[in-house]
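Here's target.pdb, which has PDB, C-alpha atoms:
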ATOM      1  CA  PHE A   1       7.146 -12.165  14.601  1.00  0.00           C
ATOM      2  CA  PRO A   2      10.671 -10.675  14.104  1.00  0.00           C
ATOM      3  CA  SER A   3      11.977 -12.426  17.218  1.00  0.00           C
ATOM      4  CA  HIS A   4      10.649 -15.827  16.130  1.00  0.00           C
ATOM      5  CA  ASP A   5      11.398 -18.249  13.332  1.00  0.00           C
ATOM      6  CA  ILE A   6       9.564 -16.921  10.278  1.00  0.00           C
ATOM      7  CA  PHE A   7       8.919 -20.511   9.200  1.00  0.00           C
ATOM      8  CA  SER A   8       7.257 -21.395  12.503  1.00  0.00           C
ATOM      9  CA  LEU A   9       4.317 -18.999  12.440  1.00  0.00           C
ATOM     10  CA  ASN A  10       1.430 -19.322  14.884  1.00  0.00           C
ATOM     11  CA  MET A  11      -1.154 -20.870  12.571  1.00  0.00           C
ATOM     12  CA  ASN A  12      -3.884 -20.832  15.217  1.00  0.00           C
ATOM     13  CA  GLY A  13      -3.393 -17.117  15.685  1.00  0.00           C
ATOM     14  CA  MET A  14      -3.478 -16.628  11.923  1.00  0.00           C
ATOM     15  CA  LYS A  15      -6.740 -18.575  11.667  1.00  0.00           C
ATOM     16  CA  LYS A  16      -8.311 -16.528  14.461  1.00  0.00           C
ATOM     17  CA  ALA A  17      -7.415 -13.299  12.660  1.00  0.00           C
ATOM     18  CA  MET A  18      -8.889 -14.661   9.413  1.00  0.00           C
ATOM     19  CA  ASP A  19     -12.068 -15.918  11.110  1.00  0.00           C
ATOM     20  CA  LEU A  20     -12.675 -12.652  12.910  1.00  0.00           C
ATOM     21  CA  ASN A  21     -12.054 -10.345   9.977  1.00  0.00           C
ATOM     22  CA  VAL A  22     -12.994 -12.329   6.865  1.00  0.00           C
ATOM     23  CA  TRP A  23     -15.933 -14.394   8.095  1.00  0.00           C
ATOM     24  CA  GLY A  24     -16.925 -11.605  10.468  1.00  0.00           C
ATOM     25  CA  THR A  25     -17.395  -9.464   7.368  1.00  0.00           C
ATOM     26  CA  LEU A  26     -18.891 -12.008   4.998  1.00  0.00           C
ATOM     27  CA  LEU A  27     -21.519 -13.582   7.295  1.00  0.00           C
ATOM     28  CA  PRO A  28     -23.328 -10.342   8.263  1.00  0.00           C
ATOM     29  CA  THR A  29     -23.416  -9.387   4.593  1.00  0.00           C
ATOM     30  CA  GLN A  30     -25.137 -12.665   3.773  1.00  0.00           C
ATOM     31  CA  ILE A  31     -27.788 -12.086   6.440  1.00  0.00           C
ATOM     32  CA  PHE A  32     -28.545  -8.392   5.947  1.00  0.00           C
ATOM     33  CA  GLY A  33     -28.149  -8.643   2.176  1.00  0.00           C
ATOM     34  CA  GLU A  34     -31.460 -10.486   1.919  1.00  0.00           C
ATOM     35  CA  ALA A  35     -33.215  -7.580   3.644  1.00  0.00           C
ATOM     36  CA  PHE A  36     -31.643  -5.199   1.135  1.00  0.00           C
ATOM     37  CA  ILE A  37     -33.015  -7.310  -1.722  1.00  0.00           C
ATOM     38  CA  HIS A  38     -36.535  -7.225  -0.307  1.00  0.00           C
ATOM     39  CA  GLN A  39     -36.482  -3.455   0.151  1.00  0.00           C
ATOM     40  CA  SER A  40     -34.661  -2.922  -3.183  1.00  0.00           C
ATOM     41  CA  SER A  41     -32.017  -0.691  -1.622  1.00  0.00           C
ATOM     42  CA  GLY A  42     -28.992  -0.934   0.615  1.00  0.00           C
ATOM     43  CA  SER A  43     -25.389   0.069   1.096  1.00  0.00           C
ATOM     44  CA  ILE A  44     -22.726  -2.241   2.522  1.00  0.00           C
ATOM     45  CA  VAL A  45     -19.576  -0.659   3.957  1.00  0.00           C
ATOM     46  CA  ASN A  46     -16.771  -3.018   4.924  1.00  0.00           C
ATOM     47  CA  ILE A  47     -13.748  -2.080   7.046  1.00  0.00           C
ATOM     48  CA  SER A  48     -10.374  -2.664   5.409  1.00  0.00           C
ATOM     49  CA  SER A  49      -6.946  -1.472   6.565  1.00  0.00           C
ATOM     50  CA  VAL A  50      -3.865   0.395   5.398  1.00  0.00           C
ATOM     51  CA  SER A  51      -2.020  -2.900   5.918  1.00  0.00           C
ATOM     52  CA  THR A  52      -3.464  -4.111   2.597  1.00  0.00           C
ATOM     53  CA  VAL A  53      -1.362  -1.575   0.680  1.00  0.00           C
ATOM     54  CA  ARG A  54       1.607  -1.113   3.037  1.00  0.00           C
ATOM     55  CA  PRO A  55       3.206  -4.231   4.546  1.00  0.00           C
ATOM     56  CA  LEU A  56       3.256  -3.925   8.341  1.00  0.00           C
ATOM     57  CA  THR A  57       5.401  -6.011  10.666  1.00  0.00           C
ATOM     58  CA  LYS A  58       3.893  -8.277  13.346  1.00  0.00           C
ATOM     59  CA  VAL A  59       0.361  -8.411  11.853  1.00  0.00           C
ATOM     60  CA  LEU A  60       0.559 -10.924   9.002  1.00  0.00           C
ATOM     61  CA  GLY A  61      -2.741 -12.677   9.779  1.00  0.00           C
ATOM     62  CA  TYR A  62      -4.548  -9.365  10.161  1.00  0.00           C
ATOM     63  CA  SER A  63      -3.063  -8.006   6.919  1.00  0.00           C
ATOM     64  CA  MET A  64      -4.000 -11.134   4.971  1.00  0.00           C
ATOM     65  CA  ALA A  65      -7.545 -10.970   6.320  1.00  0.00           C
ATOM     66  CA  LYS A  66      -7.963  -7.307   5.408  1.00  0.00           C
ATOM     67  CA  ALA A  67      -6.566  -7.967   1.911  1.00  0.00           C
ATOM     68  CA  ALA A  68      -9.248 -10.645   1.550  1.00  0.00           C
ATOM     69  CA  ILE A  69     -11.867  -8.065   2.542  1.00  0.00           C
ATOM     70  CA  ASP A  70     -10.635  -5.750  -0.227  1.00  0.00           C
ATOM     71  CA  ALA A  71     -10.967  -8.561  -2.762  1.00  0.00           C
ATOM     72  CA  TYR A  72     -14.389  -9.538  -1.405  1.00  0.00           C
ATOM     73  CA  THR A  73     -15.608  -5.921  -1.553  1.00  0.00           C
ATOM     74  CA  LYS A  74     -14.725  -5.585  -5.244  1.00  0.00           C
ATOM     75  CA  TRP A  75     -15.998  -9.048  -6.196  1.00  0.00           C
ATOM     76  CA  PHE A  76     -19.279  -8.704  -4.309  1.00  0.00           C
ATOM     77  CA  ALA A  77     -19.897  -5.192  -5.668  1.00  0.00           C
ATOM     78  CA  ILE A  78     -19.725  -6.498  -9.244  1.00  0.00           C
ATOM     79  CA  GLU A  79     -21.840  -9.575  -8.606  1.00  0.00           C
ATOM     80  CA  VAL A  80     -24.526  -7.622  -6.752  1.00  0.00           C
ATOM     81  CA  ALA A  81     -24.635  -4.959  -9.463  1.00  0.00           C
ATOM     82  CA  ASN A  82     -25.001  -7.608 -12.176  1.00  0.00           C
ATOM     83  CA  ARG A  83     -28.031  -9.031 -10.369  1.00  0.00           C
ATOM     84  CA  HIS A  84     -29.666  -6.014  -8.718  1.00  0.00           C
ATOM     85  CA  GLY A  85     -28.429  -2.994 -10.632  1.00  0.00           C
ATOM     86  CA  ASP A  86     -27.748   0.109  -8.518  1.00  0.00           C
ATOM     87  CA  ASN A  87     -30.086  -0.947  -5.704  1.00  0.00           C
ATOM     88  CA  ILE A  88     -27.280  -2.403  -3.581  1.00  0.00           C
ATOM     89  CA  ARG A  89     -23.790  -0.932  -3.342  1.00  0.00           C
ATOM     90  CA  VAL A  90     -20.666  -2.367  -1.693  1.00  0.00           C
ATOM     91  CA  ASN A  91     -17.647  -0.277  -0.648  1.00  0.00           C
ATOM     92  CA  ALA A  92     -14.983  -0.238   2.052  1.00  0.00           C
ATOM     93  CA  LEU A  93     -13.236   2.219   4.333  1.00  0.00           C
ATOM     94  CA  VAL A  94      -9.440   1.940   4.594  1.00  0.00           C
ATOM     95  CA  PRO A  95      -8.353   3.524   7.880  1.00  0.00           C
ATOM     96  CA  GLY A  96      -4.751   4.468   8.358  1.00  0.00           C
ATOM     97  CA  PHE A  97      -3.459   4.623  11.929  1.00  0.00           C
ATOM     98  CA  PHE A  98      -6.273   5.498  14.285  1.00  0.00           C
ATOM     99  CA  LEU A  99      -5.583   5.266  18.011  1.00  0.00           C
ATOM    100  CA  THR A 100      -8.035   2.759  19.514  1.00  0.00           C
ATOM    101  CA  ASP A 101      -8.137   0.315  22.414  1.00  0.00           C
ATOM    102  CA  GLN A 102      -7.025  -2.445  20.022  1.00  0.00           C
ATOM    103  CA  ASN A 103      -3.690  -0.876  19.062  1.00  0.00           C
ATOM    104  CA  ARG A 104      -3.047   1.541  21.937  1.00  0.00           C
ATOM    105  CA  ALA A 105      -0.538  -0.774  23.645  1.00  0.00           C
ATOM    106  CA  LEU A 106       1.382  -1.174  20.363  1.00  0.00           C
ATOM    107  CA  LEU A 107       1.612   2.546  19.658  1.00  0.00           C
ATOM    108  CA  THR A 108       1.832   4.224  23.053  1.00  0.00           C
ATOM    109  CA  GLN A 109       3.508   3.707  26.422  1.00  0.00           C
ATOM    110  CA  PRO A 110       1.504   3.675  29.686  1.00  0.00           C
ATOM    111  CA  ASP A 111       2.524   7.318  30.234  1.00  0.00           C
ATOM    112  CA  GLY A 112       1.132   8.293  26.819  1.00  0.00           C
ATOM    113  CA  SER A 113       4.462   8.654  25.035  1.00  0.00           C
ATOM    114  CA  LEU A 114       5.002   6.849  21.753  1.00  0.00           C
ATOM    115  CA  THR A 115       6.551   3.418  21.400  1.00  0.00           C
ATOM    116  CA  GLN A 116       9.230   2.854  18.773  1.00  0.00           C
ATOM    117  CA  ARG A 117       6.509   1.576  16.428  1.00  0.00           C
ATOM    118  CA  GLY A 118       4.368   4.629  17.124  1.00  0.00           C
ATOM    119  CA  GLN A 119       7.298   6.979  16.505  1.00  0.00           C
ATOM    120  CA  SER A 120       8.045   5.304  13.171  1.00  0.00           C
ATOM    121  CA  ILE A 121       4.432   5.752  12.052  1.00  0.00           C
ATOM    122  CA  ILE A 122       4.187   9.392  13.100  1.00  0.00           C
ATOM    123  CA  LYS A 123       7.513  10.137  11.377  1.00  0.00           C
ATOM    124  CA  GLN A 124       5.985   8.989   8.082  1.00  0.00           C
ATOM    125  CA  THR A 125       2.603  10.714   8.594  1.00  0.00           C
ATOM    126  CA  PRO A 126       2.431  14.318   7.319  1.00  0.00           C
ATOM    127  CA  PHE A 127      -0.233  15.284   9.919  1.00  0.00           C
ATOM    128  CA  LYS A 128       2.135  14.069  12.672  1.00  0.00           C
ATOM    129  CA  ARG A 129      -0.705  12.538  14.668  1.00  0.00           C
ATOM    130  CA  PHE A 130      -2.952   9.490  14.787  1.00  0.00           C
ATOM    131  CA  GLY A 131      -6.512   9.660  13.569  1.00  0.00           C
ATOM    132  CA  ASN A 132      -9.589   9.807  15.791  1.00  0.00           C
ATOM    133  CA  PRO A 133     -12.267   7.171  15.058  1.00  0.00           C
ATOM    134  CA  GLN A 134     -14.882   9.946  14.809  1.00  0.00           C
ATOM    135  CA  GLU A 135     -13.044  11.262  11.755  1.00  0.00           C
ATOM    136  CA  LEU A 136     -14.324   8.258   9.799  1.00  0.00           C
ATOM    137  CA  ASN A 137     -17.945   9.289  10.317  1.00  0.00           C
ATOM    138  CA  GLY A 138     -18.204  11.694   7.383  1.00  0.00           C
ATOM    139  CA  ALA A 139     -17.095   9.165   4.773  1.00  0.00           C
ATOM    140  CA  LEU A 140     -19.218   6.447   6.367  1.00  0.00           C
ATOM    141  CA  VAL A 141     -22.358   8.593   6.228  1.00  0.00           C
ATOM    142  CA  TRP A 142     -21.534   9.528   2.629  1.00  0.00           C
ATOM    143  CA  LEU A 143     -21.164   5.884   1.542  1.00  0.00           C
ATOM    144  CA  LEU A 144     -24.400   4.914   3.294  1.00  0.00           C
ATOM    145  CA  SER A 145     -26.389   7.777   1.802  1.00  0.00           C
ATOM    146  CA  ASP A 146     -27.693   8.426  -1.692  1.00  0.00           C
ATOM    147  CA  ALA A 147     -24.986  11.092  -2.076  1.00  0.00           C
ATOM    148  CA  SER A 148     -22.741   8.193  -3.176  1.00  0.00           C
ATOM    149  CA  LYS A 149     -25.405   6.517  -5.291  1.00  0.00           C
ATOM    150  CA  PHE A 150     -22.966   6.089  -8.191  1.00  0.00           C
ATOM    151  CA  VAL A 151     -20.155   4.641  -6.074  1.00  0.00           C
ATOM    152  CA  THR A 152     -19.569   0.926  -5.649  1.00  0.00           C
ATOM    153  CA  GLY A 153     -16.628  -1.461  -5.439  1.00  0.00           C
ATOM    154  CA  THR A 154     -14.277   1.253  -4.209  1.00  0.00           C
ATOM    155  CA  THR A 155     -12.130   1.809  -1.122  1.00  0.00           C
ATOM    156  CA  VAL A 156     -11.981   5.182   0.614  1.00  0.00           C
ATOM    157  CA  LYS A 157      -8.542   5.670   2.164  1.00  0.00           C
ATOM    158  CA  PHE A 158      -7.752   7.598   5.346  1.00  0.00           C
ATOM    159  CA  THR A 159      -3.959   7.547   5.253  1.00  0.00           C
ATOM    160  CA  VAL A 160      -3.334  11.333   5.318  1.00  0.00           C
ATOM    161  CA  GLY A 161      -0.395  11.037   2.932  1.00  0.00           C
ATOM    162  CA  LEU A 162       1.291   8.135   4.761  1.00  0.00           C
ATOM    163  CA  MET A 163       1.861   6.103   1.593  1.00  0.00           C
ATOM    164  CA  ILE A 164       2.984   9.133  -0.424  1.00  0.00           C
ATOM    165  CA  LEU A 165       5.547  10.292   2.111  1.00  0.00           C
ATOM    166  CA  ALA A 166       6.887   6.846   2.888  1.00  0.00           C
ATOM    167  CA  GLY A 167       7.104   5.827  -0.746  1.00  0.00           C
ATOM    168  CA  ILE A 168       8.510   8.938  -2.402  1.00  0.00           C
ATOM    169  CA  PHE A 169       9.899  11.658  -0.194  1.00  0.00           C
ATOM    170  CA  GLN A 170      11.652   9.794   2.562  1.00  0.00           C
ATOM    171  CA  ILE A 171      15.330   9.164   1.740  1.00  0.00           C
ATOM    172  CA  SER A 172      17.221   6.719   3.912  1.00  0.00           C
ATOM    173  CA  ASP A 173      20.708   7.403   5.255  1.00  0.00           C
ATOM    174  CA  SER A 174      22.133   4.628   3.082  1.00  0.00           C
ATOM    175  CA  THR A 175      20.623   6.177  -0.056  1.00  0.00           C
ATOM    176  CA  GLN A 176      22.092   9.548   0.838  1.00  0.00           C
ATOM    177  CA  ALA A 177      25.496   7.940   1.399  1.00  0.00           C
ATOM    178  CA  VAL A 178      25.420   6.294  -2.021  1.00  0.00           C
ATOM    179  CA  GLY A 179      24.454   9.575  -3.681  1.00  0.00           C
ATOM    180  CA  ILE A 180      27.226  11.482  -1.933  1.00  0.00           C
ATOM    181  CA  GLY A 181      29.714   8.763  -2.867  1.00  0.00           C
ATOM    182  CA  LEU A 182      28.770   8.948  -6.548  1.00  0.00           C
ATOM    183  CA  LEU A 183      29.059  12.737  -6.577  1.00  0.00           C
ATOM    184  CA  ARG A 184      32.492  12.588  -4.990  1.00  0.00           C
ATOM    185  CA  GLY A 185      33.522   9.908  -7.482  1.00  0.00           C
ATOM    186  CA  ILE A 186      32.533  12.176 -10.384  1.00  0.00           C
ATOM    187  CA  GLN A 187      34.349  15.152  -8.836  1.00  0.00           C
ATOM    188  CA  ASP A 188      37.540  13.101  -8.437  1.00  0.00           C
ATOM    189  CA  MET A 189      37.462  11.765 -12.017  1.00  0.00           C
ATOM    190  CA  LYS A 190      40.146  12.654 -14.463  1.00  0.00           C
ATOM    191  CA  VAL A 191      39.023  14.368 -17.672  1.00  0.00           C
ATOM    192  CA  PRO A 192      39.619  11.335 -19.985  1.00  0.00           C
ATOM    193  CA  THR A 193      37.509   9.094 -17.737  1.00  0.00           C
ATOM    194  CA  LEU A 194      34.692  11.644 -17.655  1.00  0.00           C
ATOM    195  CA  ILE A 195      34.754  11.882 -21.451  1.00  0.00           C
ATOM    196  CA  VAL A 196      34.484   8.094 -21.752  1.00  0.00           C
ATOM    197  CA  LEU A 197      31.570   8.037 -19.300  1.00  0.00           C
ATOM    198  CA  LEU A 198      29.676  10.716 -21.220  1.00  0.00           C
ATOM    199  CA  ALA A 199      30.346   8.883 -24.469  1.00  0.00           C
ATOM    200  CA  TYR A 200      28.779   5.714 -23.036  1.00  0.00           C
ATOM    201  CA  TRP A 201      25.521   7.563 -22.399  1.00  0.00           C
ATOM    202  CA  ILE A 202      25.480   9.774 -25.496  1.00  0.00           C
ATOM    203  CA  VAL A 203      25.897   6.757 -27.757  1.00  0.00           C
ATOM    204  CA  GLY A 204      24.154   4.205 -25.572  1.00  0.00           C
ATOM    205  CA  ILE A 205      20.773   5.901 -24.993  1.00  0.00           C
ATOM    206  CA  PRO A 206      19.862   6.313 -28.707  1.00  0.00           C
ATOM    207  CA  ILE A 207      20.877   2.706 -29.369  1.00  0.00           C
ATOM    208  CA  GLY A 208      18.731   1.612 -26.430  1.00  0.00           C
ATOM    209  CA  CYS A 209      15.712   3.527 -27.780  1.00  0.00           C
ATOM    210  CA  TYR A 210      16.174   1.914 -31.184  1.00  0.00           C
ATOM    211  CA  LEU A 211      16.281  -1.539 -29.600  1.00  0.00           C
ATOM    212  CA  ALA A 212      13.134  -0.774 -27.595  1.00  0.00           C
ATOM    213  CA  PHE A 213      11.058   0.215 -30.617  1.00  0.00           C
ATOM    214  CA  GLN A 214      12.465  -2.268 -33.101  1.00  0.00           C
ATOM    215  CA  LEU A 215      12.780  -5.294 -30.838  1.00  0.00           C
ATOM    216  CA  LYS A 216      11.460  -5.614 -27.297  1.00  0.00           C
ATOM    217  CA  TRP A 217      11.528  -3.571 -24.138  1.00  0.00           C
ATOM    218  CA  GLU A 218      13.312  -6.451 -22.436  1.00  0.00           C
ATOM    219  CA  VAL A 219      16.235  -5.928 -24.806  1.00  0.00           C
ATOM    220  CA  TYR A 220      16.165  -2.211 -23.978  1.00  0.00           C
ATOM    221  CA  GLY A 221      16.380  -3.053 -20.296  1.00  0.00           C
ATOM    222  CA  LEU A 222      19.354  -5.344 -20.849  1.00  0.00           C
ATOM    223  CA  TRP A 223      21.119  -2.703 -22.916  1.00  0.00           C
ATOM    224  CA  ILE A 224      20.598   0.026 -20.299  1.00  0.00           C
ATOM    225  CA  GLY A 225      21.870  -2.390 -17.668  1.00  0.00           C
ATOM    226  CA  PHE A 226      24.974  -2.917 -19.805  1.00  0.00           C
ATOM    227  CA  ILE A 227      25.518   0.850 -20.099  1.00  0.00           C
ATOM    228  CA  VAL A 228      25.078   1.304 -16.354  1.00  0.00           C
ATOM    229  CA  GLY A 229      27.622  -1.437 -15.775  1.00  0.00           C
ATOM    230  CA  LEU A 230      30.146   0.270 -18.049  1.00  0.00           C
ATOM    231  CA  SER A 231      29.507   3.541 -16.230  1.00  0.00           C
ATOM    232  CA  ALA A 232      30.093   1.906 -12.880  1.00  0.00           C
ATOM    233  CA  SER A 233      33.374   0.441 -14.102  1.00  0.00           C
ATOM    234  CA  ALA A 234      34.451   3.892 -15.224  1.00  0.00           C
ATOM    235  CA  LEU A 235      33.665   5.295 -11.780  1.00  0.00           C
ATOM    236  CA  LEU A 236      35.688   2.563 -10.136  1.00  0.00           C
TER     237      LEU A 236
END
Could you express the structure from this file as structure tokens?
Amino acid sequence: FPSHDIFSLNMNGMKKAMDLNVWGTLLPTQIFGEAFIHQSSGSIVNISSVSTVRPLTKVLGYSMAKAAIDAYTKWFAIEVANRHGDNIRVNALVPGFFLTDQNRALLTQPDGSLTQRGQSIIKQTPFKRFGNPQELNGALVWLLSDASKFVTGTTVKFTVGLMILAGIFQISDSTQAVGIGLLRGIQDMKVPTLIVLLAYWIVGIPIGCYLAFQLKWEVYGLWIGFIVGLSASALL
């Protein structure tokens, strides 16, 4: 996708991804669900993806389809429970990056080394490796068994900290540069300017809290934005 016009997407490819993943999940559920009703027990486990919670490049159709599966899992779990109680449960597994025949060419080179995409993923994965499909077996058996009898409408994630590391601990070079620049700006400030800056915050924060509780949080946000703007002007 990045090398093509984003407003000229391959709609046929998108539809194929939706048909395979969405209808390929819904139709079997419709067929086997009737058997579950007759035997008064059953557990449905759908396969979702980490792409439903972390946007991934190049796989828009796939990501949209998996997001639909998440929505279907939650919706169907509620509707089934309303009609059949705890006899039928519906959950989903959310695999992170597992090395399979489907994605091997995207993540690895013919010699086994990582592609740029593979390197980026491993860099943001605390375990520093891809998952093995067999490592999904334990959770799958648990969701299918009575050990999870009180679990429905949930998604079990296998991301080994990918979302935590990527979202919180990783600091980009540009962010570091901005932080260093601000620190140097403070160090180079003259005393009168620093006093003015501190006064902005000492006076401004209590006023902002008063506005938040007496008026609206939106007003608080505008006021803090105003204070930040004054602070920036002092730094400049």
Could you give me, as a Markdown table, a per-residue list for segment 9-115 of chain A showing, wherever an atom lies at most 7 Å from an atom of segment 124-147 of chain A, the closest pair of atoms and their distance in Å to one decimal, using all atoms listed in the file and sorting by chain then residue number from low to high?
| residue | atom | partner | partner_atom | distance |
| --- | --- | --- | --- | --- |
| A:Ser43 | CA | A:Leu144 | CA | 5.4 |
| A:Phe97 | CA | A:Phe130 | CA | 5.7 |
| A:Phe98 | CA | A:Gly131 | CA | 4.2 |
| A:Leu99 | CA | A:Phe130 | CA | 5.9 |
Option closest in space to Gly153 of chain A, from A:Leu9, A:Leu107, A:Ile44, A:Ala35 [counting only C-alpha atoms]: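 Of A:Leu9, A:Leu107, A:Ile44, A:Ala35, the one nearest Gly153 of chain A is A:Ile44, counting only C-alpha atoms.
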Spatial neighbours of Thr52 of chain A, 10 Å, all atoms listed in the file, chain gap at least 6 places, as a ChimeraX atom specification: /A:62-70,94
Please produce a file of the residues just selected, as a compact mmCIF listing (two decimals), in the frame of the given file, where the atoms kept are C-alpha atoms.
# COMPACT_ATOMS: atom_id res chain seq x y z
CA TYR A 62 -4.55 -9.36 10.16
CA SER A 63 -3.06 -8.01 6.92
CA MET A 64 -4.00 -11.13 4.97
CA ALA A 65 -7.54 -10.97 6.32
CA LYS A 66 -7.96 -7.31 5.41
CA ALA A 67 -6.57 -7.97 1.91
CA ALA A 68 -9.25 -10.64 1.55
CA ILE A 69 -11.87 -8.06 2.54
CA ASP A 70 -10.64 -5.75 -0.23
CA VAL A 94 -9.44 1.94 4.59
Contacts of Trp23 of chain A at 12 Å (all atoms listed in the file; same-chain gap of 3+ positions) as an NGL selection string: :A and (15-20 or 26-30 or 46 or 65-66 or 68-69 or 72)
Selection: 12 Å around Arg89 of chain A, only C-alpha atoms, excl. self and same-chain fewer than 6 positions, as JSON, numbers by chain: {"A": [29, 33, 36, 37, 40, 41, 42, 43, 44, 45, 46, 73, 74, 75, 76, 77, 78, 79, 80, 81, 82, 83, 143, 144, 145, 146, 148, 149, 150, 151, 152, 153, 154]}
Atom CA of Ser113 of chain A to atom CA of Thr100 of chain A, distance in Å rounded to a single decimal: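 Those two atoms sit 14.9 Å apart.
Interatomic distance, atom CA of Gly24 of chain A to atom CA of Ala92 of chain A: 14.3 Å.
Atom pair atom CA of Ser8 of chain A / atom CA of Pro55 of chain A: separated by 19.3 Å.
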Selected residue of minimal separation from Ser120 of chain A among A:Ser49, A:Asn87, A:Asn21, A:Thr57, counting only C-alpha atoms: A:Thr57
